[in-house]
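Text of query23.txt (compact mmCIF, C-alpha atoms) as supplied:
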```txt
# COMPACT_ATOMS: atom_id res chain seq x y z
CA MET A 1299 124.37 65.93 102.62
CA LYS A 1300 127.13 67.20 100.33
CA LYS A 1301 126.27 70.25 98.23
CA VAL A 1302 127.42 70.55 94.62
CA VAL A 1303 127.05 73.87 92.83
CA SER A 1304 126.60 73.86 89.07
CA PHE A 1305 128.18 77.23 88.20
CA SER A 1306 127.01 78.24 84.71
CA GLY A 1307 129.07 81.42 84.65
CA GLY A 1308 126.06 83.73 84.95
CA GLU A 1309 125.43 86.22 87.73
CA SER A 1310 122.41 84.37 89.18
CA SER A 1311 124.41 81.17 89.29
CA GLY A 1312 127.31 83.07 90.84
CA LEU A 1313 125.14 84.44 93.64
CA ALA A 1314 123.67 80.97 94.25
CA LEU A 1315 127.25 79.76 94.62
CA ILE A 1316 128.15 82.47 97.13
CA GLU A 1317 124.98 81.95 99.17
CA THR A 1318 125.62 78.21 99.26
CA LEU A 1319 129.20 78.59 100.48
CA LYS A 1320 128.00 80.72 103.39
CA GLU A 1321 126.20 77.66 104.75
CA HIS A 1322 128.28 74.89 103.17
CA PRO A 1323 131.92 76.01 102.83
CA ASP A 1324 132.93 72.51 101.72
CA ALA A 1325 130.58 72.52 98.71
CA ILE A 1326 131.96 71.24 95.40
CA VAL A 1327 131.80 73.79 92.57
CA VAL A 1328 131.74 72.64 88.95
CA PHE A 1329 131.70 74.52 85.64
CA MET A 1330 131.00 72.53 82.44
CA ASN A 1331 132.71 74.23 79.52
CA THR A 1332 130.97 73.66 76.17
CA SER A 1333 133.60 75.67 74.23
CA LYS A 1334 130.88 78.07 73.02
CA GLU A 1335 130.64 80.20 76.13
CA ARG A 1336 131.46 83.83 75.64
CA GLU A 1337 134.93 84.91 76.71
CA GLU A 1338 133.30 87.30 79.18
CA THR A 1339 131.70 84.29 80.88
CA LEU A 1340 135.04 82.54 81.30
CA GLU A 1341 136.61 85.76 82.62
CA PHE A 1342 133.76 86.16 85.14
CA ILE A 1343 134.18 82.61 86.43
CA ASN A 1344 137.90 83.20 86.86
CA LYS A 1345 137.33 86.49 88.70
CA VAL A 1346 134.72 84.93 91.01
CA SER A 1347 137.16 82.12 91.80
CA ILE A 1348 140.01 84.52 92.64
CA HIS A 1349 138.04 87.26 94.42
CA PHE A 1350 136.01 84.93 96.66
CA ASN A 1351 138.78 82.31 96.97
CA ILE A 1352 136.65 79.53 95.51
CA ASN A 1353 137.98 76.35 93.91
CA VAL A 1354 136.00 75.95 90.70
CA VAL A 1355 136.54 72.65 88.88
CA TRP A 1356 136.42 73.18 85.10
CA ILE A 1357 135.44 70.10 83.11
CA GLU A 1358 134.78 69.34 79.44
CA ALA A 1359 133.09 66.40 77.74
CA VAL A 1360 135.21 63.94 75.76
CA PHE A 1361 133.82 62.12 72.69
CA ASP A 1362 134.90 59.31 70.43
CA GLU A 1363 133.41 58.82 66.94
CA LEU A 1364 130.07 57.57 68.22
CA LYS A 1365 129.27 58.99 71.63
CA SER A 1366 130.44 60.83 74.72
CA ILE A 1367 132.82 58.66 76.67
CA ASP A 1368 134.52 60.67 79.40
CA PHE A 1369 135.30 64.08 80.89
CA ARG A 1370 138.55 65.97 81.26
CA ILE A 1371 139.64 68.51 83.85
CA THR A 1372 140.70 71.85 82.44
CA ASN A 1373 141.13 75.43 83.70
CA TYR A 1374 140.64 79.05 82.71
CA LYS A 1375 143.81 79.21 80.66
CA ASP A 1376 143.41 75.89 78.82
CA ALA A 1377 139.63 75.71 78.41
CA LYS A 1378 138.61 75.28 74.79
CA ARG A 1379 137.06 78.41 73.34
CA ASN A 1380 136.46 77.85 69.62
CA GLY A 1381 133.58 75.39 69.55
CA GLU A 1382 135.80 72.28 69.48
CA VAL A 1383 133.94 70.37 72.19
CA PHE A 1384 130.56 71.41 70.81
CA GLU A 1385 131.50 70.27 67.30
CA ASP A 1386 132.73 66.93 68.63
CA MET A 1387 129.27 66.52 70.11
CA ILE A 1388 127.63 67.41 66.77
CA LYS A 1389 129.76 64.79 65.01
CA CYS A 1390 128.30 62.17 67.34
CA TYR A 1391 124.70 63.33 67.65
CA GLY A 1392 124.00 65.89 64.90
CA LEU A 1393 122.87 69.49 65.25
CA PRO A 1394 120.89 70.10 68.45
CA ASN A 1395 117.61 71.99 68.38
CA LYS A 1396 114.20 72.00 70.04
CA ALA A 1397 113.37 68.55 68.65
CA TYR A 1398 116.78 67.11 69.57
CA PRO A 1399 118.02 68.97 72.68
CA HIS A 1400 121.00 66.70 73.22
CA CYS A 1401 123.61 69.45 73.69
CA ASN A 1402 122.75 69.99 77.36
CA ARG A 1403 122.68 66.23 77.98
CA GLU A 1404 126.02 65.53 76.30
CA LEU A 1405 127.95 68.70 77.13
CA LYS A 1406 126.79 69.18 80.71
CA ILE A 1407 124.77 66.35 82.25
CA GLN A 1408 126.95 63.42 81.12
CA PRO A 1409 130.36 64.93 82.04
CA PHE A 1410 128.94 66.19 85.35
CA ASP A 1411 127.58 62.76 86.25
CA ARG A 1412 130.87 61.07 85.32
CA PHE A 1413 132.85 63.61 87.33
CA MET A 1414 130.69 63.14 90.42
CA LYS A 1415 130.92 59.35 90.10
CA SER A 1416 134.71 59.67 90.02
CA LEU A 1417 134.65 61.51 93.37
CA ASN A 1418 132.66 58.77 95.09
CA VAL A 1419 131.08 61.25 97.52
CA GLY A 1420 127.83 59.37 97.96
CA ASP A 1421 124.55 61.29 98.11
CA PHE A 1422 124.63 64.96 97.23
CA GLU A 1423 122.31 67.84 96.41
CA ARG A 1424 122.81 69.93 93.27
CA VAL A 1425 122.45 73.67 93.75
CA ILE A 1426 120.67 75.26 90.79
CA GLY A 1427 120.82 79.02 90.16
CA ILE A 1428 117.16 79.57 89.31
CA ARG A 1429 115.75 82.70 90.94
CA ALA A 1430 112.52 83.45 92.80
CA ASP A 1431 111.14 85.27 89.72
CA GLU A 1432 111.72 82.08 87.69
CA VAL A 1433 109.78 79.78 89.98
CA ASP A 1434 107.97 78.30 86.97
CA ARG A 1435 111.28 76.66 86.02
CA VAL A 1436 111.52 74.72 89.29
CA ASN A 1437 111.32 70.97 88.73
CA LYS A 1438 108.28 69.63 90.57
CA ASN A 1439 110.28 66.52 91.47
CA TYR A 1440 113.13 68.53 92.98
CA LYS A 1441 113.10 66.63 96.28
CA GLU A 1442 113.42 63.24 94.63
CA LEU A 1443 116.07 64.61 92.26
CA ARG A 1444 117.92 66.21 95.22
CA LEU A 1445 117.93 69.72 93.77
CA ASP A 1446 118.46 72.82 95.89
CA TYR A 1447 116.96 76.06 94.52
CA ILE A 1448 118.66 78.29 97.05
CA LEU A 1449 117.75 81.60 95.37
CA VAL A 1450 114.08 80.59 95.26
CA LYS A 1451 114.14 79.64 98.94
CA LYS A 1452 115.71 83.00 99.83
CA GLY A 1453 113.36 85.01 97.61
CA ILE A 1454 116.21 86.38 95.50
CA THR A 1455 115.08 87.96 92.21
CA LYS A 1456 116.86 89.27 89.11
CA GLN A 1457 116.86 92.79 90.51
CA MET A 1458 118.52 91.58 93.73
CA VAL A 1459 121.13 89.67 91.72
CA ASN A 1460 121.89 92.81 89.71
CA LYS A 1461 122.19 94.89 92.89
CA PHE A 1462 124.57 92.42 94.52
CA TRP A 1463 126.98 92.29 91.57
CA ASN A 1464 126.77 96.04 91.00
CA GLU A 1465 128.23 96.45 94.48
CA GLN A 1466 131.17 94.14 93.71
CA PRO A 1467 134.46 95.27 92.09
CA PHE A 1468 133.52 93.42 88.90
CA ARG A 1469 130.50 92.16 86.99
CA LEU A 1470 129.80 89.80 84.14
CA GLN A 1471 130.48 92.03 81.14
CA LEU A 1472 127.49 90.85 79.12
CA LYS A 1473 124.09 92.33 78.42
CA GLY A 1474 121.26 90.41 80.03
CA TYR A 1475 119.97 89.04 76.74
CA GLU A 1476 123.36 87.80 75.55
CA GLY A 1477 123.57 84.87 77.97
CA ASN A 1478 126.52 82.52 78.28
CA CYS A 1479 126.25 80.28 75.21
CA THR A 1480 126.75 82.71 72.34
CA LYS A 1481 123.74 81.99 70.08
CA CYS A 1482 121.93 79.23 71.90
CA TRP A 1483 118.93 77.84 70.03
CA LYS A 1484 116.86 78.21 73.19
CA LYS A 1485 116.92 82.00 72.97
CA SER A 1486 113.81 83.74 71.70
CA LEU A 1487 113.84 84.93 68.10
CA ARG A 1488 113.92 88.55 69.27
CA LYS A 1489 117.00 87.92 71.40
CA LEU A 1490 118.78 86.23 68.52
CA MET A 1491 117.85 89.07 66.16
CA THR A 1492 119.10 91.61 68.70
CA ILE A 1493 122.42 89.78 69.02
CA GLU A 1494 122.79 89.67 65.23
CA LYS A 1495 122.01 93.38 64.96
CA ASP A 1496 124.56 94.17 67.68
CA GLU A 1497 127.19 92.28 65.67
CA ARG A 1498 126.31 94.09 62.45
CA GLU A 1499 126.52 97.45 64.21
CA GLY A 1500 129.93 96.58 65.61
CA LEU A 1501 128.76 96.47 69.22
CA THR A 1502 129.95 92.88 69.71
CA PRO A 1503 132.37 90.61 67.82
CA VAL A 1504 130.94 88.73 64.85
CA ASP A 1505 130.41 85.01 65.54
CA LEU A 1506 129.89 82.93 62.39
CA TRP A 1507 130.43 79.56 64.08
CA TRP A 1508 126.71 78.70 64.22
CA HIS A 1509 126.31 79.47 60.52
CA GLU A 1510 129.39 77.36 59.69
CA MET A 1511 128.05 74.41 61.70
CA GLU A 1512 124.77 74.52 59.81
CA LYS A 1513 126.64 74.60 56.50
CA LYS A 1514 128.66 71.53 57.53
CA TYR A 1515 126.01 69.45 59.31
CA SER A 1516 122.51 70.45 58.08
CA TYR A 1517 122.20 67.22 56.10
CA TYR A 1518 124.27 65.09 58.45
CA VAL A 1519 122.47 62.35 60.36
CA PRO A 1520 124.45 60.05 62.69
CA GLU A 1521 123.97 56.35 62.02
CA HIS A 1522 122.20 55.76 65.32
CA ARG A 1523 119.46 58.34 64.57
CA ASN A 1524 116.39 57.38 62.56
CA ARG A 1525 116.99 58.85 59.11
CA LYS A 1526 113.30 58.56 58.26
CA GLU A 1527 112.59 61.24 60.84
CA ILE A 1528 114.67 63.76 58.88
CA LYS A 1529 112.36 65.26 56.26
CA ASP A 1530 114.30 68.46 55.62
CA LYS A 1531 117.66 69.96 56.40
CA ILE A 1532 118.43 70.32 60.11
CA THR A 1533 118.96 73.77 61.62
CA PHE A 1534 119.52 75.04 65.14
CA TYR A 1535 116.53 77.29 65.54
CA ARG A 1536 112.76 77.21 66.02
CA GLU A 1537 110.49 77.00 62.98
CA ASN A 1538 113.44 75.39 61.18
CA LEU A 1539 115.10 78.79 60.85
CA SER A 1540 118.79 78.85 60.05
CA ASN A 1541 121.30 81.27 61.49
CA LYS A 1542 121.59 82.85 58.03
CA GLU A 1543 117.82 83.46 57.99
CA ILE A 1544 117.93 85.02 61.45
CA ILE A 1545 120.69 87.35 60.26
CA GLU A 1546 118.41 88.45 57.41
CA LEU A 1547 115.42 88.87 59.73
CA SER A 1548 117.52 91.06 62.01
CA LYS A 1549 117.84 93.60 59.18
CA ASN A 1550 114.12 94.37 59.48
CA ASN A 1551 112.63 96.89 61.87
CA PHE A 1552 111.93 95.33 65.28
CA LYS A 1553 112.13 96.32 68.92
CA LYS A 1554 115.45 95.19 70.33
CA VAL A 1555 115.53 93.40 73.66
CA THR A 1556 116.44 95.69 76.53
CA ASP A 1557 119.41 94.85 78.75
CA ASP A 1558 117.84 93.63 82.00
CA SER A 1559 121.21 93.46 83.76
CA ILE A 1560 120.85 97.19 84.51
CA VAL A 1561 117.45 96.90 86.20
CA TYR A 1562 117.59 97.25 89.97
CA ASP A 1563 113.96 97.65 91.04
CA TYR A 1564 110.81 95.64 90.46
CA GLN A 1565 108.68 98.50 89.15
CA THR A 1566 111.08 99.19 86.30
CA SER A 1567 111.15 95.51 85.34
CA MET A 1568 107.40 95.60 84.71
CA PHE A 1569 107.74 97.86 81.68
CA GLY A 1570 109.28 95.88 78.83
CA TYR A 1571 112.51 94.60 80.30
CA ASP A 1572 111.39 90.99 80.62
CA LEU A 1573 109.29 90.44 77.49
CA ASP A 1574 111.33 87.38 76.56
CA ASP A 1575 111.98 85.85 79.96
CA THR A 1576 109.49 83.01 79.57
CA ASP A 1577 110.42 82.04 76.01
CA GLY A 1578 112.02 78.77 77.01
CA CYS A 1579 115.55 79.89 77.68
CA VAL A 1580 116.39 82.46 80.35
CA GLU A 1581 119.94 81.84 79.22
CA SER A 1582 120.98 78.72 81.08
CA CYS A 1583 120.91 74.96 80.67
CA GLU A 1584 120.68 73.21 84.02
CA ILE A 1585 122.38 69.87 84.74
CA ILE A 1586 119.12 68.03 85.42
```
What's the structure tokens form of this structure?
Amino acid sequence: MKKVVSFSGGESSGLALIETLKEHPDAIVVFMNTSKEREETLEFINKVSIHFNINVVWIEAVFDELKSIDFRITNYKDAKRNGEVFEDMIKCYGLPNKAYPHCNRELKIQPFDRFMKSLNVGDFERVIGIRADEVDRVNKNYKELRLDYILVKKGITKQMVNKFWNEQPFRLQLKGYEGNCTKCWKKSLRKLMTIEKDEREGLTPVDLWWHEMEKKYSYYVPEHRNRKEIKDKITFYRENLSNKEIIELSKNNFKKVTDDSIVYDYQTSMFGYDLDDTDGCVESCEII
């Protein structure tokens, strides 16, 4: 059966890709660009493609005024980087959040499905980059859904992923808590506060896009959504927190998340490095 690797641009996903190609050199490799990935993510994908001689197909969702309608092929140079695709999705479906998690569906699942249908390859298995230490994220219906958790099968953990990439001539130049989508609403509050504090301290570039989207669309409800369900303004984050409120919370004293990308042994990981790992995110949205 044909293998298709969903490459998120993270290091776990990258190792799942490499392990898959060892056994299935004809596997199809797809990256769905949402236009809110960090530049470091796009650079990492490009370096993986060049260094390991892998053909990565870059695709983006296409929307009209009402819904997603198609996908387009792009590349490292031309991929949209300023939230354009994400905002097109918001115009059709409103702000995504825990109650309305449509961003993954519209920015990844739909364009992926349309792309695969265009190839007419018949049955295929999707390789998902979930690790052995994330086994609780494995879909219990994975056989019926034709999902291949190759890192789980091989017992590969976060520490092993870190070790592999540390031995390569390049790594993903992001801290473990930063993830690929810059300020994804799935991140724990502590991760979001840490990111905001890093920005304020000049450790990372300031990203106001999420705040600007909330200013533009907090009271926007697409016609096809039930307006009666909207009792208050819409925000991205849990507990109806806005990005502005998270920025303010990050000015308080709190324990910042530790960068788990520098952890190489299991014993070290037991002492505070993974306090947020089970808070619903673990930094990737899978195409399932």
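Checking A:Trp1507, A:Phe1468, A:Phe1342, A:Phe1462 one by one against Thr1480 in chain A, counting all atoms listed in the file, you find the shortest gap at A:Trp1507.
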Which residues are close to Ile1367 in chain A, i.e. within 12 Å by all atoms listed in the file, leaving aside same-chain residues fewer than 3 positions away? Reply as JSON, numbers by chain. {"A": [1358, 1359, 1360, 1361, 1362, 1363, 1364, 1370, 1386, 1387, 1390, 1404, 1405, 1408, 1409, 1411, 1412, 1413]}
Identify the residues within 12 Å of coordinate (115.8, 69.1, 71.9) (same frame as the file), considering only C-alpha atoms, and give the answer as number ranges by chain. A: 1391-1404, 1482-1484, 1533-1536, 1578, 1583
Counting only C-alpha atoms, closest pick from A:Lys1320, A:Lys1415, A:Lys1451, A:Lys1461 relative to Ala1430 in chain A is A:Lys1451
For Tyr1475 in chain A, find every residue with an atom within 8 Å (counting only C-alpha atoms), except residues of its own chain fewer than 5 positions away, and show them as a list in words. Lys1489, Val1555, Thr1556, Asp1557, Asp1558 and Glu1581 of chain A
